[in-house]
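> Contents of target13.tsv (TSV, C-alpha atoms):
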```
chain	number	residue	atom	x	y	z
A	1	MET	CA	169.10	80.11	193.73
A	2	SER	CA	167.24	82.21	191.20
A	3	ASN	CA	169.35	80.86	188.33
A	4	LEU	CA	168.66	77.30	189.53
A	5	LEU	CA	164.92	77.96	189.52
A	6	ASP	CA	165.11	79.53	186.07
A	7	SER	CA	167.03	76.54	184.76
A	8	SER	CA	164.64	74.01	186.31
A	9	TYR	CA	161.60	75.82	184.99
A	10	SER	CA	163.10	76.16	181.53
A	11	LYS	CA	163.63	72.39	181.33
A	12	PHE	CA	160.15	71.66	182.68
A	13	GLN	CA	158.54	74.21	180.33
A	14	THR	CA	160.31	72.78	177.28
A	15	GLU	CA	159.21	69.23	178.05
A	16	VAL	CA	155.54	69.93	178.74
A	17	SER	CA	155.22	72.52	175.97
A	18	TYR	CA	156.38	69.97	173.43
A	19	LYS	CA	154.12	67.21	174.79
A	20	TYR	CA	150.98	69.12	175.72
A	21	GLY	CA	151.29	72.67	174.44
A	22	PHE	CA	151.50	73.87	178.05
A	23	VAL	CA	152.06	77.63	178.39
A	24	GLY	CA	152.00	78.21	182.14
A	25	LEU	CA	150.20	78.00	185.48
A	26	LYS	CA	148.74	81.12	187.08
A	27	LEU	CA	147.32	81.71	190.54
A	28	ASP	CA	144.23	83.39	189.16
A	29	LYS	CA	142.14	84.30	192.20
A	30	LEU	CA	142.68	84.38	195.95
A	31	SER	CA	140.35	85.26	198.83
A	32	LEU	CA	141.67	85.56	202.38
A	33	THR	CA	139.64	85.90	205.56
A	34	ALA	CA	140.99	86.85	208.97
A	35	ASP	CA	140.31	88.04	212.45
A	36	VAL	CA	141.79	91.46	213.17
A	37	THR	CA	143.50	93.36	215.93
A	38	GLU	CA	141.59	95.99	217.90
A	39	SER	CA	143.65	98.72	216.22
A	40	PHE	CA	142.06	97.91	212.83
A	41	TYR	CA	138.61	98.85	214.14
A	42	LYS	CA	140.00	102.05	215.63
A	43	ASP	CA	142.00	103.00	212.53
A	44	ILE	CA	138.89	102.76	210.36
A	45	LEU	CA	136.93	105.06	212.66
A	46	ASN	CA	139.73	107.64	213.04
A	47	GLY	CA	140.42	107.70	209.29
A	48	THR	CA	143.89	106.15	209.42
A	49	PHE	CA	142.82	103.17	207.31
A	50	LEU	CA	140.91	104.21	204.18
A	51	LEU	CA	139.07	102.39	201.39
A	52	TYR	CA	137.85	103.83	198.08
A	53	ASP	CA	135.29	103.45	195.33
A	54	TYR	CA	134.83	105.20	191.97
A	55	PHE	CA	133.85	108.43	193.75
A	56	GLY	CA	136.60	108.64	196.33
A	57	ILE	CA	136.85	107.68	199.99
A	58	VAL	CA	134.21	105.25	201.26
A	59	GLU	CA	132.49	106.19	204.51
A	60	PRO	CA	132.20	103.44	207.18
A	61	ASN	CA	128.67	102.17	207.88
A	62	LEU	CA	127.70	102.86	211.48
A	63	THR	CA	124.79	101.70	213.63
A	64	ARG	CA	122.53	104.20	215.38
A	65	ASP	CA	124.74	103.80	218.43
A	66	GLY	CA	127.81	104.79	216.44
A	67	GLU	CA	129.19	101.25	216.29
A	68	LEU	CA	131.02	100.21	213.12
A	69	SER	CA	128.85	97.66	211.28
A	70	SER	CA	130.76	97.37	207.99
A	71	TYR	CA	133.43	98.92	205.81
A	72	LYS	CA	133.82	97.81	202.18
A	73	GLY	CA	135.71	99.10	199.18
A	74	GLN	CA	138.88	99.05	197.08
A	75	PHE	CA	142.34	99.40	198.58
A	76	PHE	CA	143.53	101.99	196.07
A	77	ASP	CA	141.96	105.29	195.12
A	78	SER	CA	142.80	105.06	191.41
A	79	ASN	CA	140.63	103.04	189.00
A	80	ASP	CA	143.63	101.72	187.10
A	81	LYS	CA	145.37	100.21	190.15
A	82	GLU	CA	143.88	96.74	189.98
A	83	ASN	CA	141.02	95.15	191.83
A	84	TRP	CA	141.79	94.79	195.54
A	85	TYR	CA	138.46	94.30	197.31
A	86	ILE	CA	138.40	94.65	201.11
A	87	GLU	CA	135.36	93.87	203.25
A	88	TYR	CA	135.13	94.24	207.04
A	89	THR	CA	131.86	93.21	208.73
A	90	PRO	CA	132.44	92.93	212.50
A	91	ILE	CA	128.78	92.74	213.62
A	92	ALA	CA	127.51	90.29	210.99
A	93	SER	CA	130.59	88.09	211.39
A	94	ILE	CA	130.03	87.70	215.13
A	95	LYS	CA	126.45	86.57	214.51
A	96	MET	CA	127.54	84.12	211.80
A	97	ASN	CA	130.70	82.97	213.63
A	98	LYS	CA	132.91	83.98	210.71
A	99	ARG	CA	136.14	85.93	210.39
A	100	PRO	CA	135.22	89.60	209.87
A	101	LEU	CA	137.88	90.63	207.31
A	102	LYS	CA	137.88	89.49	203.68
A	103	ILE	CA	140.48	90.36	201.02
A	104	GLU	CA	139.93	89.34	197.40
A	105	PHE	CA	142.36	89.84	194.51
A	106	THR	CA	143.89	88.08	191.49
A	107	PRO	CA	147.60	87.38	192.10
A	108	SER	CA	148.35	86.93	188.38
A	109	LYS	CA	146.85	90.33	187.54
A	110	VAL	CA	148.32	92.56	190.25
A	111	SER	CA	151.72	94.19	190.29
A	112	ARG	CA	154.50	93.16	192.64
A	113	LYS	CA	154.72	96.74	193.93
A	114	ASN	CA	151.05	96.91	194.90
A	115	PHE	CA	151.07	93.40	196.36
A	116	LEU	CA	153.90	94.34	198.70
A	117	GLN	CA	152.24	97.63	199.62
A	118	VAL	CA	148.89	96.03	200.43
A	119	PHE	CA	150.24	93.31	202.68
A	120	HIS	CA	152.86	95.43	204.41
A	121	ILE	CA	149.88	97.45	205.60
A	122	LEU	CA	147.32	94.66	206.16
A	123	PHE	CA	149.31	91.79	207.66
A	124	PRO	CA	150.03	93.62	210.97
A	125	TYR	CA	146.25	93.92	211.46
A	126	MET	CA	145.48	90.27	210.56
A	127	LYS	CA	145.43	87.11	212.68
A	128	ASN	CA	143.96	83.62	212.35
A	129	ILE	CA	144.16	83.90	208.54
A	130	ALA	CA	142.31	81.43	206.30
A	131	ILE	CA	141.95	80.97	202.55
A	132	SER	CA	138.31	80.81	201.47
A	133	THR	CA	138.76	80.63	197.67
A	134	PHE	CA	141.53	80.16	195.14
A	135	HIS	CA	141.77	79.33	191.42
A	136	LEU	CA	144.60	77.60	189.56
A	137	ALA	CA	144.64	78.30	185.82
A	138	TYR	CA	146.61	76.01	183.48
A	139	ASP	CA	146.98	77.48	179.97
A	140	PHE	CA	147.59	75.39	176.84
A	141	GLU	CA	148.43	76.46	173.32
A	142	ARG	CA	146.08	73.80	171.97
A	143	ASP	CA	142.40	73.41	171.12
A	144	LEU	CA	141.15	71.48	174.17
A	145	SER	CA	137.56	71.00	173.03
A	146	ALA	CA	138.32	67.25	172.97
A	147	LEU	CA	139.43	67.35	176.61
A	148	ARG	CA	137.44	65.15	178.99
A	149	ILE	CA	137.07	65.21	182.76
A	150	ASN	CA	136.40	61.85	184.39
A	151	TRP	CA	134.23	63.15	187.22
A	152	PRO	CA	130.91	61.26	186.92
A	153	LYS	CA	128.94	62.37	189.97
A	154	VAL	CA	128.79	66.09	189.23
A	155	MET	CA	126.89	68.52	187.06
A	156	TYR	CA	128.36	69.09	183.60
A	157	ARG	CA	127.47	72.18	181.57
A	158	PRO	CA	128.84	72.37	178.00
A	159	ILE	CA	128.47	75.80	176.36
A	160	TYR	CA	128.47	76.05	172.57
A	161	LYS	CA	128.56	78.94	170.14
A	162	GLY	CA	126.92	77.57	167.04
A	163	MET	CA	128.47	74.10	166.67
A	164	LYS	CA	131.72	75.07	168.42
A	165	LEU	CA	132.29	74.03	172.01
A	166	GLU	CA	133.76	76.96	173.98
A	167	THR	CA	133.31	76.02	177.64
A	168	MET	CA	132.98	72.87	179.74
A	169	ASP	CA	131.97	73.49	183.35
A	170	PHE	CA	132.00	70.75	185.99
A	171	GLY	CA	130.79	70.85	189.61
A	172	ALA	CA	127.68	71.57	191.65
A	173	PRO	CA	126.73	75.30	191.87
A	174	LYS	CA	127.36	75.39	195.63
A	175	GLY	CA	130.03	72.69	195.69
A	176	ASN	CA	133.50	72.97	197.19
A	177	TYR	CA	135.23	72.15	193.89
A	178	HIS	CA	134.69	73.42	190.35
A	179	LEU	CA	136.58	72.70	187.16
A	180	THR	CA	136.16	74.76	183.99
A	181	VAL	CA	137.80	74.22	180.60
A	182	TYR	CA	137.34	77.06	178.12
A	183	ASP	CA	138.67	78.89	175.08
A	184	LYS	CA	140.72	81.58	176.83
A	185	LYS	CA	141.64	83.39	173.62
A	186	LYS	CA	137.96	83.70	172.63
A	187	GLU	CA	137.00	84.83	176.14
A	188	ARG	CA	139.63	87.60	176.16
A	189	PHE	CA	138.70	88.71	172.64
A	190	ASP	CA	135.09	89.04	173.81
A	191	THR	CA	135.71	90.77	177.15
A	192	GLY	CA	139.34	91.98	177.36
A	193	ASP	CA	140.80	95.40	176.73
A	194	MET	CA	142.97	96.26	173.71
A	195	THR	CA	146.21	95.41	175.53
A	196	GLU	CA	144.95	91.92	176.37
A	197	ILE	CA	143.64	91.39	172.84
A	198	GLU	CA	147.07	92.26	171.41
A	199	ILE	CA	148.71	89.74	173.74
A	200	TYR	CA	146.29	86.93	172.90
A	201	GLN	CA	146.52	87.57	169.16
A	202	SER	CA	149.94	85.94	169.23
A	203	TYR	CA	148.36	82.53	169.94
A	204	ASP	CA	146.71	80.35	167.32
A	205	ASN	CA	144.89	78.62	170.19
A	206	LEU	CA	144.86	79.24	173.92
A	207	TRP	CA	142.66	77.13	176.17
A	208	ARG	CA	142.52	77.15	179.94
A	209	VAL	CA	141.90	74.39	182.49
A	210	GLU	CA	140.85	76.20	185.66
A	211	TYR	CA	140.49	74.49	189.03
A	212	LYS	CA	138.47	76.34	191.68
A	213	TRP	CA	138.48	75.55	195.39
A	214	PHE	CA	135.94	76.94	197.87
A	215	ASN	CA	135.40	76.64	201.65
A	216	ALA	CA	138.16	77.46	204.14
A	217	GLY	CA	137.96	74.07	205.89
A	218	ILE	CA	138.20	72.11	202.64
A	219	ILE	CA	141.08	74.29	201.44
A	220	LYS	CA	143.00	73.91	204.69
A	221	ASN	CA	142.79	70.13	204.34
A	222	GLU	CA	143.70	70.22	200.62
A	223	LEU	CA	146.79	72.33	201.26
A	224	LYS	CA	147.87	70.10	204.12
A	225	LYS	CA	147.65	66.99	201.91
A	226	GLY	CA	149.19	68.51	198.76
A	227	LEU	CA	146.03	69.25	196.73
A	228	PRO	CA	144.83	65.63	196.29
A	229	PHE	CA	141.91	66.89	194.18
A	230	LEU	CA	144.35	67.58	191.33
A	231	ALA	CA	145.16	63.89	191.07
A	232	LYS	CA	141.71	62.59	192.00
A	233	ILE	CA	139.88	63.71	188.84
A	234	PRO	CA	141.49	62.39	185.62
A	235	VAL	CA	141.78	65.04	182.89
A	236	TYR	CA	142.62	63.67	179.46
A	237	VAL	CA	142.23	64.01	175.72
A	238	GLU	CA	139.93	61.33	174.30
A	239	ASN	CA	140.34	59.67	170.93
A	240	PHE	CA	136.98	58.39	169.68
A	241	GLU	CA	138.52	57.65	166.28
A	242	GLY	CA	141.29	55.39	167.57
A	243	LEU	CA	141.53	51.62	167.49
A	244	GLU	CA	140.99	51.34	171.23
A	245	PHE	CA	137.54	52.91	170.95
A	246	ASN	CA	136.49	51.15	167.71
A	247	SER	CA	137.29	47.76	169.21
A	248	LEU	CA	134.75	48.28	172.04
A	249	GLY	CA	131.25	46.82	172.06
A	250	VAL	CA	128.14	48.92	171.36
A	251	ASN	CA	127.07	49.10	175.03
A	252	GLU	CA	130.54	50.17	176.12
A	253	LYS	CA	130.54	52.94	173.51
A	254	ILE	CA	127.13	54.14	174.71
A	255	TYR	CA	128.31	54.19	178.33
A	256	LEU	CA	131.41	56.19	177.37
A	257	TYR	CA	129.34	58.76	175.49
A	258	ALA	CA	127.07	59.06	178.54
A	259	LEU	CA	130.09	59.47	180.83
A	260	ARG	CA	131.32	62.23	178.55
A	261	ASN	CA	128.06	64.15	178.03
A	262	LYS	CA	125.81	63.24	180.98
A	263	PRO	CA	128.01	62.26	183.94
A	264	GLU	CA	125.15	62.95	186.38
A	265	LEU	CA	123.47	59.77	185.06
A	266	PHE	CA	126.14	57.84	186.98
A	267	ALA	CA	125.19	59.43	190.32
A	268	GLU	CA	123.25	56.36	191.51
A	269	SER	CA	125.58	53.78	190.01
A	270	ASP	CA	127.55	51.49	192.29
A	271	LYS	CA	131.27	52.12	192.77
A	272	ARG	CA	132.27	49.09	190.71
A	273	THR	CA	130.37	50.33	187.63
A	274	VAL	CA	131.76	53.85	187.94
A	275	ALA	CA	135.31	52.54	188.37
A	276	LYS	CA	134.93	50.25	185.34
A	277	TYR	CA	133.95	53.02	182.95
A	278	LYS	CA	136.40	55.52	184.37
A	279	LYS	CA	139.15	53.00	183.63
A	280	LEU	CA	137.70	52.36	180.17
A	281	ALA	CA	137.57	56.10	179.43
A	282	GLU	CA	141.22	56.45	180.39
A	283	SER	CA	142.13	53.53	178.11
A	284	ILE	CA	141.10	55.46	174.97
A	285	SER	CA	142.85	58.66	176.01
A	286	GLU	CA	145.89	59.99	174.21
A	287	VAL	CA	147.13	62.32	176.93
A	288	ASN	CA	146.55	62.27	180.69
A	289	LEU	CA	147.21	65.83	181.86
A	290	ASN	CA	147.23	64.90	185.56
A	291	VAL	CA	150.74	63.59	184.95
A	292	PHE	CA	152.21	67.07	185.36
A	293	PHE	CA	149.51	69.15	187.10
A	294	GLN	CA	151.20	68.61	190.47
A	295	ASN	CA	154.70	69.29	189.09
A	296	ALA	CA	153.59	72.63	187.65
A	297	LEU	CA	152.82	73.86	191.20
A	298	ASP	CA	156.55	74.47	191.66
A	299	TYR	CA	156.35	77.14	188.92
A	300	THR	CA	153.19	79.12	189.70
A	301	GLU	CA	153.09	82.55	188.05
A	302	ILE	CA	152.03	85.68	189.94
A	303	PHE	CA	152.05	89.41	189.09
A	304	ASN	CA	151.44	91.11	185.76
A	305	GLN	CA	154.33	93.54	186.19
A	306	ASP	CA	157.76	92.33	187.25
A	307	PRO	CA	156.32	88.78	187.36
A	308	SER	CA	157.52	86.14	189.76
A	309	MET	CA	157.56	82.34	189.76
A	310	VAL	CA	156.75	80.79	193.14
A	311	ASN	CA	156.25	77.39	194.66
A	312	PHE	CA	152.48	77.30	195.19
A	313	PHE	CA	152.60	75.73	198.67
A	314	ASP	CA	155.36	78.03	199.93
A	315	PHE	CA	153.37	81.04	198.73
A	316	MET	CA	150.07	79.93	200.28
A	317	ASN	CA	151.63	78.90	203.60
A	318	SER	CA	153.39	82.27	203.86
A	319	MET	CA	150.08	84.05	203.32
A	320	LEU	CA	148.40	81.90	205.97
A	321	ALA	CA	151.19	82.76	208.42
A	322	GLY	CA	150.79	86.49	207.71
A	323	ASN	CA	154.23	86.76	206.12
A	324	ILE	CA	155.25	88.34	202.83
A	325	PRO	CA	156.22	85.35	200.62
A	326	LYS	CA	159.78	85.04	199.37
A	327	LEU	CA	159.74	86.24	195.79
A	328	GLN	CA	162.14	85.40	192.98
```
Take the structure from the file and write it as structure tokens.

Amino acid sequence: MSNLLDSSYSKFQTEVSYKYGFVGLKLDKLSLTADVTESFYKDILNGTFLLYDYFGIVEPNLTRDGELSSYKGQFFDSNDKENWYIEYTPIASIKMNKRPLKIEFTPSKVSRKNFLQVFHILFPYMKNIAISTFHLAYDFERDLSALRINWPKVMYRPIYKGMKLETMDFGAPKGNYHLTVYDKKKERFDTGDMTEIEIYQSYDNLWRVEYKWFNAGIIKNELKKGLPFLAKIPVYVENFEGLEFNSLGVNEKIYLYALRNKPELFAESDKRTVAKYKKLAESISEVNLNVFFQNALDYTEIFNQDPSMVNFFDFMNSMLAGNIPKLQ
């Protein structure tokens, strides 16, 4: 089975690398929330379950009556063992009608060994698990500054350094969906450690298209339906120098530039107008990346040591069921 997966991925990778410069898909962030068994509360108070910060063991926060109000910290006691943030807030969660346990980590940046250790310990405590946040990061060995997102009724924030576009951010600040396109190589050179810089030096270009989902209810529905948001928002490379664009009228060109740079101007437009210019924008595109976004989910990368390739839905559904996912 492993050889079959390797063979399938190799064929897929070759095809999309040649067409689009696609490098890989990473599950880049994951937040789980859950209710817990009574033993979790007890094990925190008796010191069986411990969390850490930079200074050692974290002490639980207690009320004046000796009731556990919160317990927050890292899973591991060593600073170099990844970022596994655990938060347990039983009192506040009851008041807000939320699950009291939160676990946040980056699957593509943790080791297989630590992943297995964490969830062999935590899953027996957890019940009614939900996913509150996750990010999917598609990396391309191309300059994607010409990439366009056909999502008119959202905020769009382009970020430049000098005259060079480095980041395109789409979505309302408190919205359930965000989409960011950015120069990943530049970002790692600015903020990464020496090991990361050495890795990214091997690329002439490396840009990332990162989808971000928020809200447990929205995510539950998205997973059930196969992530329809991936197909809903066209992502493509425009060609404003091509014949298709030059043959358009002046007003059509102005509308396309507005759709590209100020999509919020379309917020009060009727559906027919929005649909017309979305279709027009797609007509001058050279590449529509949505063609393979869904297919790449079969080959989602996790772990930075002893990496594994998983089917995204199998992995997420296993986590929701409180089971260790099957790993390649």
> Find the spatial neighbours of A:Phe49, counting only C-alpha atoms, within a cut-off of 12 Å - ignore same-chain residues fewer than 6 positions away - and output them as a tab-separated table (two decimals) with C-alpha atoms, in the frame of the given file.

```tsv
chain	number	residue	atom	x	y	z
A	39	SER	CA	143.65	98.72	216.22
A	40	PHE	CA	142.06	97.91	212.83
A	41	TYR	CA	138.61	98.85	214.14
A	42	LYS	CA	140.00	102.05	215.63
A	43	ASP	CA	142.00	103.00	212.53
A	57	ILE	CA	136.85	107.68	199.99
A	58	VAL	CA	134.21	105.25	201.26
A	59	GLU	CA	132.49	106.19	204.51
A	60	PRO	CA	132.20	103.44	207.18
A	71	TYR	CA	133.43	98.92	205.81
A	72	LYS	CA	133.82	97.81	202.18
A	73	GLY	CA	135.71	99.10	199.18
A	74	GLN	CA	138.88	99.05	197.08
A	75	PHE	CA	142.34	99.40	198.58
A	76	PHE	CA	143.53	101.99	196.07
A	86	ILE	CA	138.40	94.65	201.11
A	88	TYR	CA	135.13	94.24	207.04
A	118	VAL	CA	148.89	96.03	200.43
A	121	ILE	CA	149.88	97.45	205.60
A	122	LEU	CA	147.32	94.66	206.16
A	125	TYR	CA	146.25	93.92	211.46
```
> Interatomic distance between atom CA of A:Leu136 and atom CA of A:Asn304?
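A separation of 15.6 Å between them.
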> Using only C-alpha atoms, which of A:Ser111, A:Thr37, A:Asn150, A:Asn290 sits nearest A:Gly171?
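When distances to A:Gly171 are compared using only C-alpha atoms, the smallest one comes from A:Asn150.
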> Report the distance between atom CA of A:Arg64 and atom CA of A:Thr33 in Å, rounded to one decimal place.
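A separation of 26.9 Å between them.
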> How many Å separate atom CA of A:Glu104 from atom CA of A:Pro228?
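That distance, rounded to one decimal, is 24.2 Å.
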> As a count of residues only, please: the residues near A:Ile91 (cut-off 9 Å, all atoms listed in the file, same-chain neighbours under 2 positions excluded).
10
> With distances taken over only C-alpha atoms, which of A:Tyr236, A:Tyr156, A:Phe140, A:Phe312 is nearest to A:Asp28?
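When distances to A:Asp28 are compared using only C-alpha atoms, the smallest one comes from A:Phe312.
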> Could you tell me which of A:Lys174, A:Lys102, A:Lys29, A:Lys185 comes closest to A:Ser202 if we count only C-alpha atoms?
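Ranked by minimum distance to A:Ser202, first place goes to A:Lys185.
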> Which is closer to A:Ala296 than all the others in A:Lys262, A:Lys26, A:Arg188, A:Lys19, using only C-alpha atoms?
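Among the listed residues, the smallest separation from A:Ala296 belongs to A:Lys26.
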> Identify which of the residues A:Tyr257, A:Phe123, A:Ile131, A:Pro90 lies closest to A:Asn221, counting only C-alpha atoms when measuring atom-to-atom distances.
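Once distances to A:Asn221 are computed over only C-alpha atoms, the minimum belongs to A:Ile131.
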> Nearest to A:Asn311 among A:Leu25, A:Thr14, A:Tyr52, A:His178, with distances taken over all atoms listed in the file: which residue is it?
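Residue with the minimum atom-to-atom distance to A:Asn311: A:Leu25.
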